[in-house]
Amino acid sequence: MQFELNMFWLLLPVAALSGWWIGRSNQGQKLPLKNIHPEYFKGLNFVLNEQPDKAIEVFIRMTEVDSETVETHLALGNLFRRRGEVDRAIRIHQNLIARPTLNQEQRAHALLELGMDYMRSGLLDRAEKLFLELVNFDLYLNEAYSHLLEIYQQEKDWENAIAVAKKSEIISGENFSPIIAQFYCEIAENYLNTGKVSKAKEKVHDAISFNSKCVRASIIEARIFQLTGKLDHAIKSYKRLELQDSTYITEVILPLYDCYKEKGSINEFIKYLRELVKKYGNINTLLILTELIAEYESEDVAINFVFQELKNRPTVQGVDKLVEYTLNKSKGATYEYLSAIKQLTTKLIEKKPTYKCNNCGFDAKMLHWQCPGCKHWESIQPIFGVAGE
Ligand SMILES: [Zn+2]
């Protein structure tokens, strides 16, 4: 099907050519067929007969390239790239660019195609140069910026990614603010990992100024406060997630626990968790709360609590926890049965992905801010409920 579509595209110049030929002949002018290289018709014939490999050889051999045949060369190169034969696509496009007869628009188009060939073969530096050249020409700006953005993200060159995204936003009218905020978060995390806390803080503020709903920025900001001993500020930043996007709230339960523990106010934390379980009922929060109840109150209260919650929202992880507690209180044959059930529930939990991309369905065991599958930002989210626990 893909091949047929490409064939259709290849035929467009043929259609244009015949239109031009008929137009000319209607005006009673001399037929221009003699101006067209016979090899061109030979090539087209191979295309029409669905013999693309032979067609390619003919087109590569052709020495004369005019405005009609340029389109065919471009279409052919594109067809090759799509078929994964990038070396041949590069040959066709390089060959085309070397022609002195090309006008500026045609040359720019060939540069764009060659840039895409280089990207496909992983030659990002070469591709970058060509797209920057297009930016200088002020031609194919949308495409050039879009590819540059992809290159800078692949290279983790966040400063350039930000610069291009800002320009792209102006040209395309699309909203790039959420991904610009993610780029600032990348830089902030790099600073934080190398101990440059004040620089990290600066970049987090940039992220928030581009996207006030950026949960990742709140998490990084909270981590900075936590590292510098400002626990109340850290708690406030972590809790901000609930207002920004409550699906990510489980990401901050453990760091929040650390903050409250350090402050010596676990009771306050238990109260907060009870509110969260009531509102969102997600299993991770429930399990942590159960552990705390078992530790600070009693195991019996914890068992009763999980049991009641499971009736409302059944989950394998909840059952696993319930079995774990009752296992401690059983002996003999009951203990054996419960041990077997525990092994089953543990297996079930191990197999389940805990995160999923809502754009491409990529399953993940950990949170990625950029999906490794489709490269979308903020599309991977924790899974809740019976389906994913
Ligand atoms: Zn994805």
# chains A, B, ... in the order shown; residues from 1 in each chain; ligands from 1

call {"tool": "residues_near_ligand", "arguments": {"ligand": "ligand 1", "cutoff": "9 Å", "atoms": "only C-alpha atoms and all ligand atoms", "output": "NGL selection string"}}
result
:A and (356-363 or 370-377 or 379-380)

call {"tool": "write_last_selection", "arguments": {"atoms": "all heavy atoms", "output": "CSV table (one decimal), in the first residue's frame"}}
result
chain,number,residue,atom,x,y,z
A,356,LYS,N,2.2,4.0,31.8
A,356,LYS,CA,1.8,3.8,30.4
A,356,LYS,C,1.8,5.1,29.7
A,356,LYS,O,1.4,6.1,30.3
A,356,LYS,CB,0.4,3.1,30.4
A,356,LYS,CG,0.1,2.4,29.1
A,356,LYS,CD,-1.2,1.7,29.1
A,356,LYS,CE,-1.4,0.7,28.0
A,356,LYS,NZ,-0.5,-0.5,28.2
A,357,CYS,N,2.2,5.1,28.4
A,357,CYS,CA,2.1,6.3,27.6
A,357,CYS,C,0.7,6.4,27.0
A,357,CYS,O,0.2,5.5,26.4
A,357,CYS,CB,3.1,6.3,26.4
A,357,CYS,SG,2.9,7.6,25.3
A,358,ASN,N,0.1,7.6,27.3
A,358,ASN,CA,-1.3,7.7,26.8
A,358,ASN,C,-1.3,8.2,25.3
A,358,ASN,O,-2.4,8.4,24.7
A,358,ASN,CB,-2.1,8.7,27.7
A,358,ASN,CG,-1.5,10.0,27.8
A,358,ASN,OD1,-0.8,10.5,26.9
A,358,ASN,ND2,-1.8,10.7,28.9
A,359,ASN,N,-0.1,8.3,24.7
A,359,ASN,CA,-0.1,8.6,23.3
A,359,ASN,C,0.2,7.4,22.4
A,359,ASN,O,-0.5,7.2,21.4
A,359,ASN,CB,1.0,9.7,23.0
A,359,ASN,CG,1.0,10.1,21.6
A,359,ASN,OD1,0.0,10.6,21.1
A,359,ASN,ND2,2.2,9.9,20.9
A,360,CYS,N,1.1,6.5,22.9
A,360,CYS,CA,1.4,5.3,22.0
A,360,CYS,C,1.3,4.0,22.7
A,360,CYS,O,1.4,3.0,22.1
A,360,CYS,CB,2.9,5.5,21.5
A,360,CYS,SG,4.1,5.1,22.7
A,361,GLY,N,0.9,4.1,24.0
A,361,GLY,CA,0.7,2.8,24.8
A,361,GLY,C,1.9,2.1,25.3
A,361,GLY,O,1.9,1.0,25.8
A,362,PHE,N,3.1,2.8,25.2
A,362,PHE,CA,4.3,2.3,25.7
A,362,PHE,C,4.2,1.9,27.2
A,362,PHE,O,3.7,2.7,28.0
A,362,PHE,CB,5.5,3.3,25.5
A,362,PHE,CG,6.8,2.8,25.9
A,362,PHE,CD1,7.7,2.2,25.0
A,362,PHE,CD2,7.3,3.0,27.2
A,362,PHE,CE1,8.9,1.8,25.3
A,362,PHE,CE2,8.6,2.6,27.5
A,362,PHE,CZ,9.4,2.0,26.6
A,363,ASP,N,4.6,0.7,27.6
A,363,ASP,CA,4.5,0.3,29.0
A,363,ASP,C,5.9,0.5,29.6
A,363,ASP,O,6.9,0.3,29.0
A,363,ASP,CB,4.3,-1.2,29.1
A,363,ASP,CG,2.8,-1.6,28.8
A,363,ASP,OD1,2.0,-0.7,29.0
A,363,ASP,OD2,2.6,-2.7,28.2
A,370,GLN,N,9.9,12.0,29.0
A,370,GLN,CA,9.7,11.9,27.5
A,370,GLN,C,9.6,10.4,27.2
A,370,GLN,O,10.4,9.6,27.6
A,370,GLN,CB,10.9,12.4,26.8
A,370,GLN,CG,10.7,12.5,25.3
A,370,GLN,CD,11.9,13.0,24.5
A,370,GLN,OE1,13.1,12.9,24.9
A,370,GLN,NE2,11.7,13.5,23.3
A,371,CYS,N,8.5,10.1,26.5
A,371,CYS,CA,8.2,8.6,26.2
A,371,CYS,C,9.4,8.1,25.3
A,371,CYS,O,9.7,8.6,24.3
A,371,CYS,CB,6.9,8.5,25.5
A,371,CYS,SG,6.6,6.8,24.9
A,372,PRO,N,10.0,6.9,25.7
A,372,PRO,CA,11.0,6.3,24.9
A,372,PRO,C,10.5,5.8,23.6
A,372,PRO,O,11.2,5.6,22.7
A,372,PRO,CB,11.6,5.2,25.8
A,372,PRO,CG,11.0,5.4,27.2
A,372,PRO,CD,9.8,6.2,27.0
A,373,GLY,N,9.2,5.5,23.6
A,373,GLY,CA,8.6,5.0,22.3
A,373,GLY,C,8.3,6.1,21.3
A,373,GLY,O,8.8,6.1,20.2
A,374,CYS,N,7.4,7.0,21.7
A,374,CYS,CA,6.9,8.0,20.7
A,374,CYS,C,7.6,9.4,20.8
A,374,CYS,O,7.3,10.3,20.0
A,374,CYS,CB,5.4,8.1,20.7
A,374,CYS,SG,4.8,8.8,22.3
A,375,LYS,N,8.4,9.5,21.9
A,375,LYS,CA,9.2,10.8,22.1
A,375,LYS,C,8.3,12.0,22.5
A,375,LYS,O,8.7,13.1,22.5
A,375,LYS,CB,10.0,11.2,20.9
A,375,LYS,CG,10.9,10.1,20.4
A,375,LYS,CD,12.1,9.8,21.4
A,375,LYS,CE,12.9,8.7,20.9
A,375,LYS,NZ,13.7,8.1,22.0
A,376,HIS,N,7.0,11.7,22.9
A,376,HIS,CA,6.1,12.7,23.4
A,376,HIS,C,6.6,13.1,24.8
A,376,HIS,O,7.1,12.2,25.5
A,376,HIS,CB,4.7,12.3,23.4
A,376,HIS,CG,3.9,12.6,22.2
A,376,HIS,ND1,2.8,13.3,22.2
A,376,HIS,CD2,4.2,12.4,20.9
A,376,HIS,CE1,2.4,13.5,21.0
A,376,HIS,NE2,3.2,12.9,20.1
A,377,TRP,N,6.3,14.3,25.2
A,377,TRP,CA,6.6,14.8,26.5
A,377,TRP,C,5.4,14.7,27.4
A,377,TRP,O,4.3,14.9,26.9
A,377,TRP,CB,7.2,16.2,26.6
A,377,TRP,CG,8.5,16.3,25.9
A,377,TRP,CD1,8.8,16.5,24.6
A,377,TRP,CD2,9.8,16.1,26.6
A,377,TRP,NE1,10.2,16.5,24.5
A,377,TRP,CE2,10.8,16.3,25.6
A,377,TRP,CE3,10.2,15.9,27.9
A,377,TRP,CZ2,12.2,16.2,25.9
A,377,TRP,CZ3,11.5,15.8,28.2
A,377,TRP,CH2,12.5,16.0,27.3
A,379,SER,N,3.6,12.3,28.4
A,379,SER,CA,2.5,11.4,28.0
A,379,SER,C,2.5,10.1,28.8
A,379,SER,O,1.6,9.4,28.8
A,379,SER,CB,2.6,11.2,26.5
A,379,SER,OG,3.8,10.6,26.2
A,380,ILE,N,3.6,9.9,29.5
A,380,ILE,CA,3.7,8.7,30.4
A,380,ILE,C,3.1,9.0,31.8
A,380,ILE,O,3.6,10.0,32.4
A,380,ILE,CB,5.1,8.1,30.5
A,380,ILE,CG1,5.5,7.5,29.1
A,380,ILE,CG2,5.2,7.1,31.6
A,380,ILE,CD1,6.7,6.6,29.1

call {"tool": "closest_atom_pairs", "arguments": {"of": "stretch 159-227 of chain A", "to": "stretch 234-246 of chain A", "cutoff": "12 Å", "atoms": "only C-alpha atoms", "output": "CSV"}}
result
residue,atom,partner,partner_atom,distance
A:Val204,CA,A:Ser237,CA,12.0
A:Ile208,CA,A:Gln244,CA,11.5
A:Asn211,CA,A:Gln244,CA,10.3
A:Ser212,CA,A:Gln244,CA,8.1
A:Lys213,CA,A:Gln244,CA,5.0
A:Cys214,CA,A:Gln244,CA,7.1
A:Val215,CA,A:Leu241,CA,5.6
A:Arg216,CA,A:Leu241,CA,8.7
A:Ala217,CA,A:Ser237,CA,9.2
A:Ser218,CA,A:Ser237,CA,5.5
A:Ile219,CA,A:Tyr238,CA,6.0
A:Ile220,CA,A:Ser237,CA,8.9
A:Glu221,CA,A:Ser237,CA,6.7
A:Ala222,CA,A:Ala234,CA,4.2
A:Arg223,CA,A:Ala234,CA,6.7
A:Ile224,CA,A:Ala234,CA,7.7
A:Phe225,CA,A:Ala234,CA,5.0
A:Gln226,CA,A:Ala234,CA,5.4
A:Leu227,CA,A:Ala234,CA,9.0

call {"tool": "write_last_selection", "arguments": {"atoms": "all heavy atoms", "output": "short mmCIF file (atom, residue, chain, number, x, y, z; two decimals), in the first residue's frame"}}
result
data_model
loop_
_atom_site.label_atom_id
_atom_site.label_comp_id
_atom_site.auth_asym_id
_atom_site.auth_seq_id
_atom_site.Cartn_x
_atom_site.Cartn_y
_atom_site.Cartn_z
N VAL A 204 14.52 26.06 37.10
CA VAL A 204 13.19 25.60 37.49
C VAL A 204 12.20 26.76 37.41
O VAL A 204 11.06 26.59 36.94
CB VAL A 204 13.21 25.00 38.92
CG1 VAL A 204 11.83 25.01 39.54
CG2 VAL A 204 13.72 23.58 38.87
N ILE A 208 8.75 27.00 35.25
CA ILE A 208 7.42 27.37 35.78
C ILE A 208 6.87 28.58 35.03
O ILE A 208 5.66 28.67 34.79
CB ILE A 208 7.51 27.61 37.31
CG1 ILE A 208 7.83 26.27 38.00
CG2 ILE A 208 6.19 28.17 37.85
CD1 ILE A 208 8.18 26.39 39.47
N ASN A 211 5.39 27.14 31.93
CA ASN A 211 4.22 26.28 32.16
C ASN A 211 3.96 26.16 33.66
O ASN A 211 4.62 25.38 34.35
CB ASN A 211 4.46 24.89 31.54
CG ASN A 211 3.28 23.97 31.72
OD1 ASN A 211 2.18 24.42 32.05
ND2 ASN A 211 3.49 22.69 31.52
N SER A 212 2.98 26.93 34.14
CA SER A 212 2.72 26.94 35.59
C SER A 212 2.15 25.59 36.05
O SER A 212 2.10 25.31 37.24
CB SER A 212 1.75 28.07 35.94
OG SER A 212 0.53 27.86 35.26
N LYS A 213 1.74 24.74 35.10
CA LYS A 213 1.19 23.42 35.48
C LYS A 213 2.23 22.30 35.36
O LYS A 213 1.89 21.12 35.39
CB LYS A 213 -0.02 23.10 34.60
CG LYS A 213 -1.26 23.88 34.99
CD LYS A 213 -2.51 23.20 34.49
CE LYS A 213 -3.77 23.83 35.02
NZ LYS A 213 -3.99 23.61 36.45
N CYS A 214 3.50 22.68 35.21
CA CYS A 214 4.56 21.67 35.02
C CYS A 214 4.84 20.94 36.34
O CYS A 214 5.49 21.47 37.24
CB CYS A 214 5.82 22.34 34.49
SG CYS A 214 7.15 21.18 34.18
N VAL A 215 4.36 19.70 36.45
CA VAL A 215 4.52 18.94 37.70
C VAL A 215 6.00 18.61 37.94
O VAL A 215 6.45 18.57 39.08
CB VAL A 215 3.70 17.63 37.71
CG1 VAL A 215 2.22 17.90 37.70
CG2 VAL A 215 4.05 16.72 36.57
N ARG A 216 6.71 18.39 36.85
CA ARG A 216 8.13 18.06 37.00
C ARG A 216 8.88 19.21 37.64
O ARG A 216 9.76 18.99 38.50
CB ARG A 216 8.71 17.76 35.62
CG ARG A 216 10.11 17.26 35.66
CD ARG A 216 10.62 17.07 34.26
NE ARG A 216 11.94 16.49 34.22
CZ ARG A 216 12.61 16.31 33.10
NH1 ARG A 216 12.07 16.66 31.95
NH2 ARG A 216 13.81 15.78 33.12
N ALA A 217 8.54 20.44 37.26
CA ALA A 217 9.21 21.61 37.85
C ALA A 217 8.92 21.69 39.35
O ALA A 217 9.80 22.00 40.15
CB ALA A 217 8.75 22.88 37.13
N SER A 218 7.67 21.37 39.72
CA SER A 218 7.32 21.39 41.16
C SER A 218 8.15 20.37 41.92
O SER A 218 8.62 20.63 43.03
CB SER A 218 5.84 21.07 41.35
OG SER A 218 5.06 22.08 40.79
N ILE A 219 8.32 19.18 41.31
CA ILE A 219 9.09 18.12 41.98
C ILE A 219 10.55 18.55 42.15
O ILE A 219 11.13 18.39 43.23
CB ILE A 219 9.00 16.78 41.19
CG1 ILE A 219 7.57 16.25 41.21
CG2 ILE A 219 9.96 15.75 41.78
CD1 ILE A 219 7.33 15.02 40.34
N ILE A 220 11.13 19.14 41.09
CA ILE A 220 12.54 19.56 41.18
C ILE A 220 12.67 20.69 42.21
O ILE A 220 13.59 20.67 43.04
CB ILE A 220 13.09 20.02 39.81
CG1 ILE A 220 12.97 18.89 38.78
CG2 ILE A 220 14.55 20.44 39.94
CD1 ILE A 220 13.28 19.31 37.35
N GLU A 221 11.74 21.62 42.17
CA GLU A 221 11.78 22.74 43.13
C GLU A 221 11.70 22.19 44.57
O GLU A 221 12.48 22.59 45.44
CB GLU A 221 10.61 23.69 42.87
CG GLU A 221 10.66 24.96 43.72
CD GLU A 221 9.41 25.78 43.58
OE1 GLU A 221 8.31 25.27 43.90
OE2 GLU A 221 9.51 26.95 43.17
N ALA A 222 10.78 21.23 44.77
CA ALA A 222 10.64 20.63 46.10
C ALA A 222 11.92 19.93 46.53
O ALA A 222 12.35 20.04 47.69
CB ALA A 222 9.47 19.65 46.10
N ARG A 223 12.55 19.22 45.58
CA ARG A 223 13.81 18.52 45.90
C ARG A 223 14.89 19.51 46.34
O ARG A 223 15.67 19.25 47.26
CB ARG A 223 14.30 17.74 44.67
CG ARG A 223 13.81 16.30 44.66
CD ARG A 223 14.15 15.62 43.36
NE ARG A 223 15.58 15.53 43.10
CZ ARG A 223 16.11 15.39 41.88
NH1 ARG A 223 15.32 15.36 40.83
NH2 ARG A 223 17.40 15.31 41.73
N ILE A 224 14.92 20.66 45.64
CA ILE A 224 15.91 21.69 46.00
C ILE A 224 15.66 22.19 47.43
O ILE A 224 16.57 22.28 48.24
CB ILE A 224 15.88 22.86 44.98
CG1 ILE A 224 16.32 22.38 43.60
CG2 ILE A 224 16.74 24.03 45.46
CD1 ILE A 224 16.14 23.38 42.48
N PHE A 225 14.38 22.47 47.74
CA PHE A 225 14.04 22.92 49.11
C PHE A 225 14.41 21.85 50.13
O PHE A 225 14.98 22.15 51.18
CB PHE A 225 12.54 23.22 49.22
CG PHE A 225 12.13 24.54 48.61
CD1 PHE A 225 11.02 24.64 47.78
CD2 PHE A 225 12.85 25.71 48.88
CE1 PHE A 225 10.64 25.85 47.23
CE2 PHE A 225 12.47 26.93 48.33
CZ PHE A 225 11.36 27.00 47.49
N GLN A 226 14.11 20.60 49.78
CA GLN A 226 14.39 19.48 50.70
C GLN A 226 15.90 19.37 50.95
O GLN A 226 16.33 19.21 52.10
CB GLN A 226 13.87 18.19 50.07
CG GLN A 226 13.61 17.07 51.06
CD GLN A 226 13.01 15.84 50.40
OE1 GLN A 226 12.56 15.89 49.25
NE2 GLN A 226 13.01 14.74 51.11
N LEU A 227 16.67 19.49 49.88
CA LEU A 227 18.14 19.41 49.99
C LEU A 227 18.71 20.51 50.86
O LEU A 227 19.72 20.34 51.54
CB LEU A 227 18.77 19.50 48.60
CG LEU A 227 18.84 18.22 47.77
CD1 LEU A 227 19.31 18.54 46.36
CD2 LEU A 227 19.79 17.22 48.44
#

call {"tool": "closest_residue", "arguments": {"among": "A:Tyr248, A:Tyr140, A:Tyr335, A:Phe131", "to": "A:Trp369", "atoms": "only C-alpha atoms"}}
result
A:Tyr248

call {"tool": "residues_around", "arguments": {"residues": "stretch 103-110 of chain A", "least_positions_apart": "4", "cutoff": "7 Å", "atoms": "only C-alpha atoms", "output": "PyMOL selection string"}}
result
chain A and resi 74+93+96-97+114+134+139

call {"tool": "write_last_selection", "arguments": {"atoms": "C-alpha atoms", "output": "JSON list (two decimals), in the first residue's frame"}}
result
[["chain", "number", "residue", "atom", "x", "y", "z"],
["A", 74, "LEU", "CA", 12.87, 14.43, -5.36],
["A", 93, "HIS", "CA", 19.64, 14.17, -3.43],
["A", 96, "LEU", "CA", 20.51, 16.94, -7.47],
["A", 97, "ILE", "CA", 22.07, 19.61, -5.22],
["A", 114, "LEU", "CA", 18.96, 15.36, 2.03],
["A", 134, "LEU", "CA", 17.57, 26.43, 5.17],
["A", 139, "LEU", "CA", 12.93, 28.68, 3.17]]

call {"tool": "atom_distance", "arguments": {"atom1": "atom CA of A:Ile179", "atom2": "atom CA of A:Lys365"}}
result
22.7 Å

call {"tool": "atom_distance", "arguments": {"atom1": "atom CA of A:Phe41", "atom2": "atom CA of A:Ala55"}}
result
9.8 Å

call {"tool": "atom_distance", "arguments": {"atom1": "atom CA of A:Lys321", "atom2": "atom CA of A:Ile349"}}
result
11.2 Å

call {"tool": "closest_atom_pairs", "arguments": {"of": "stretch 73-138 of chain A", "to": "stretch 160-178 of chain A", "cutoff": "12 Å", "atoms": "only C-alpha atoms", "output": "JSON lines"}}
result
{"residue": "A:Glu128", "atom": "CA", "partner": "A:Asn160", "partner_atom": "CA", "distance": 11.4}
{"residue": "A:Phe131", "atom": "CA", "partner": "A:Val164", "partner_atom": "CA", "distance": 11.5}
{"residue": "A:Leu132", "atom": "CA", "partner": "A:Val164", "partner_atom": "CA", "distance": 10.6}
{"residue": "A:Val135", "atom": "CA", "partner": "A:Val164", "partner_atom": "CA", "distance": 10.6}
{"residue": "A:Asp138", "atom": "CA", "partner": "A:Ile171", "partner_atom": "CA", "distance": 11.2}

call {"tool": "write_last_selection", "arguments": {"atoms": "all heavy atoms", "output": "short mmCIF file (atom, residue, chain, number, x, y, z; two decimals), in the first residue's frame"}}
result
data_model
loop_
_atom_site.label_atom_id
_atom_site.label_comp_id
_atom_site.auth_asym_id
_atom_site.auth_seq_id
_atom_site.Cartn_x
_atom_site.Cartn_y
_atom_site.Cartn_z
N GLU A 128 21.93 18.68 10.75
CA GLU A 128 21.80 19.97 11.43
C GLU A 128 22.30 21.10 10.53
O GLU A 128 21.65 22.13 10.38
CB GLU A 128 22.58 19.94 12.75
CG GLU A 128 22.46 21.22 13.55
CD GLU A 128 23.50 21.32 14.66
OE1 GLU A 128 24.28 20.36 14.85
OE2 GLU A 128 23.53 22.37 15.32
N PHE A 131 19.80 21.93 7.77
CA PHE A 131 18.59 22.62 8.24
C PHE A 131 18.91 24.06 8.65
O PHE A 131 18.10 24.96 8.44
CB PHE A 131 17.93 21.84 9.39
CG PHE A 131 17.42 20.48 8.98
CD1 PHE A 131 17.68 19.36 9.75
CD2 PHE A 131 16.71 20.32 7.80
CE1 PHE A 131 17.23 18.11 9.36
CE2 PHE A 131 16.25 19.08 7.39
CZ PHE A 131 16.51 17.96 8.17
N LEU A 132 20.11 24.27 9.21
CA LEU A 132 20.51 25.64 9.56
C LEU A 132 20.68 26.49 8.28
O LEU A 132 20.36 27.67 8.27
CB LEU A 132 21.81 25.64 10.37
CG LEU A 132 21.66 25.16 11.82
CD1 LEU A 132 23.03 25.07 12.50
CD2 LEU A 132 20.74 26.07 12.64
N VAL A 135 17.35 27.62 7.29
CA VAL A 135 16.92 28.74 8.15
C VAL A 135 17.55 30.03 7.61
O VAL A 135 16.88 31.06 7.53
CB VAL A 135 17.31 28.48 9.62
CG1 VAL A 135 17.09 29.72 10.47
CG2 VAL A 135 16.51 27.31 10.19
N ASP A 138 15.78 31.27 4.75
CA ASP A 138 14.41 31.65 5.07
C ASP A 138 13.41 30.82 4.24
O ASP A 138 12.36 31.31 3.86
CB ASP A 138 14.22 33.15 4.79
CG ASP A 138 13.20 33.76 5.74
OD1 ASP A 138 12.87 33.10 6.73
OD2 ASP A 138 12.72 34.87 5.46
#

call {"tool": "decode", "arguments": {"residues": "stretch 281-306 of chain A", "atoms": "N, CA and C atoms", "output": "mmCIF file, in the first residue's frame"}}
result
data_model
loop_
_atom_site.group_PDB
_atom_site.id
_atom_site.type_symbol
_atom_site.label_atom_id
_atom_site.label_comp_id
_atom_site.auth_asym_id
_atom_site.auth_seq_id
_atom_site.Cartn_x
_atom_site.Cartn_y
_atom_site.Cartn_z
ATOM 1 N N GLY A 281 -8.099 7.497 45.856
ATOM 2 C CA GLY A 281 -8.109 6.038 46.075
ATOM 3 C C GLY A 281 -7.049 5.264 45.317
ATOM 4 N N ASN A 282 -5.883 5.868 45.045
ATOM 5 C CA ASN A 282 -4.892 5.059 44.313
ATOM 6 C C ASN A 282 -4.121 4.152 45.255
ATOM 7 N N ILE A 283 -3.743 3.004 44.705
ATOM 8 C CA ILE A 283 -3.245 1.895 45.520
ATOM 9 C C ILE A 283 -1.916 2.200 46.221
ATOM 10 N N ASN A 284 -1.013 2.906 45.544
ATOM 11 C CA ASN A 284 0.283 3.191 46.179
ATOM 12 C C ASN A 284 0.104 3.995 47.471
ATOM 13 N N THR A 285 -0.761 5.005 47.386
ATOM 14 C CA THR A 285 -1.033 5.814 48.571
ATOM 15 C C THR A 285 -1.646 4.946 49.659
ATOM 16 N N LEU A 286 -2.584 4.093 49.249
ATOM 17 C CA LEU A 286 -3.259 3.209 50.195
ATOM 18 C C LEU A 286 -2.264 2.288 50.911
ATOM 19 N N LEU A 287 -1.307 1.732 50.136
ATOM 20 C CA LEU A 287 -0.341 0.794 50.723
ATOM 21 C C LEU A 287 0.569 1.491 51.737
ATOM 22 N N ILE A 288 1.005 2.696 51.383
ATOM 23 C CA ILE A 288 1.879 3.432 52.311
ATOM 24 C C ILE A 288 1.105 3.786 53.584
ATOM 25 N N LEU A 289 -0.130 4.215 53.381
ATOM 26 C CA LEU A 289 -0.968 4.552 54.536
ATOM 27 C C LEU A 289 -1.164 3.320 55.420
ATOM 28 N N THR A 290 -1.402 2.163 54.795
ATOM 29 C CA THR A 290 -1.594 0.921 55.554
ATOM 30 C C THR A 290 -0.353 0.588 56.390
ATOM 31 N N GLU A 291 0.818 0.731 55.769
ATOM 32 C CA GLU A 291 2.080 0.476 56.486
ATOM 33 C C GLU A 291 2.183 1.386 57.706
ATOM 34 N N LEU A 292 1.832 2.660 57.491
ATOM 35 C CA LEU A 292 1.946 3.627 58.593
ATOM 36 C C LEU A 292 0.969 3.311 59.716
ATOM 37 N N ILE A 293 -0.256 2.891 59.310
ATOM 38 C CA ILE A 293 -1.257 2.526 60.330
ATOM 39 C C ILE A 293 -0.750 1.329 61.134
ATOM 40 N N ALA A 294 -0.187 0.337 60.401
ATOM 41 C CA ALA A 294 0.333 -0.854 61.085
ATOM 42 C C ALA A 294 1.452 -0.472 62.058
ATOM 43 N N GLU A 295 2.287 0.471 61.642
ATOM 44 C CA GLU A 295 3.434 0.864 62.472
ATOM 45 C C GLU A 295 3.029 1.764 63.645
ATOM 46 N N TYR A 296 2.158 2.730 63.358
ATOM 47 C CA TYR A 296 1.825 3.722 64.399
ATOM 48 C C TYR A 296 0.579 3.379 65.203
ATOM 49 N N GLU A 297 -0.299 2.493 64.642
ATOM 50 C CA GLU A 297 -1.465 2.058 65.417
ATOM 51 C C GLU A 297 -1.306 0.558 65.696
ATOM 52 N N SER A 298 -1.911 -0.290 64.868
ATOM 53 C CA SER A 298 -1.678 -1.741 65.054
ATOM 54 C C SER A 298 -1.940 -2.473 63.746
ATOM 55 N N GLU A 299 -1.437 -3.723 63.670
ATOM 56 C CA GLU A 299 -1.632 -4.501 62.442
ATOM 57 C C GLU A 299 -3.105 -4.813 62.224
ATOM 58 N N ASP A 300 -3.846 -5.029 63.337
ATOM 59 C CA ASP A 300 -5.278 -5.343 63.199
ATOM 60 C C ASP A 300 -6.031 -4.174 62.574
ATOM 61 N N VAL A 301 -5.704 -2.973 63.009
ATOM 62 C CA VAL A 301 -6.362 -1.787 62.435
ATOM 63 C C VAL A 301 -6.009 -1.686 60.945
ATOM 64 N N ALA A 302 -4.735 -1.991 60.618
ATOM 65 C CA ALA A 302 -4.286 -1.924 59.222
ATOM 66 C C ALA A 302 -5.030 -2.943 58.358
ATOM 67 N N ILE A 303 -5.170 -4.200 58.896
ATOM 68 C CA ILE A 303 -5.884 -5.251 58.137
ATOM 69 C C ILE A 303 -7.315 -4.804 57.860
ATOM 70 N N ASN A 304 -7.959 -4.313 58.870
ATOM 71 C CA ASN A 304 -9.343 -3.866 58.742
ATOM 72 C C ASN A 304 -9.454 -2.729 57.712
ATOM 73 N N PHE A 305 -8.487 -1.819 57.763
ATOM 74 C CA PHE A 305 -8.468 -0.673 56.851
ATOM 75 C C PHE A 305 -8.335 -1.150 55.389
ATOM 76 N N VAL A 306 -7.360 -2.036 55.105
ATOM 77 C CA VAL A 306 -7.166 -2.538 53.724
ATOM 78 C C VAL A 306 -8.413 -3.279 53.260
#
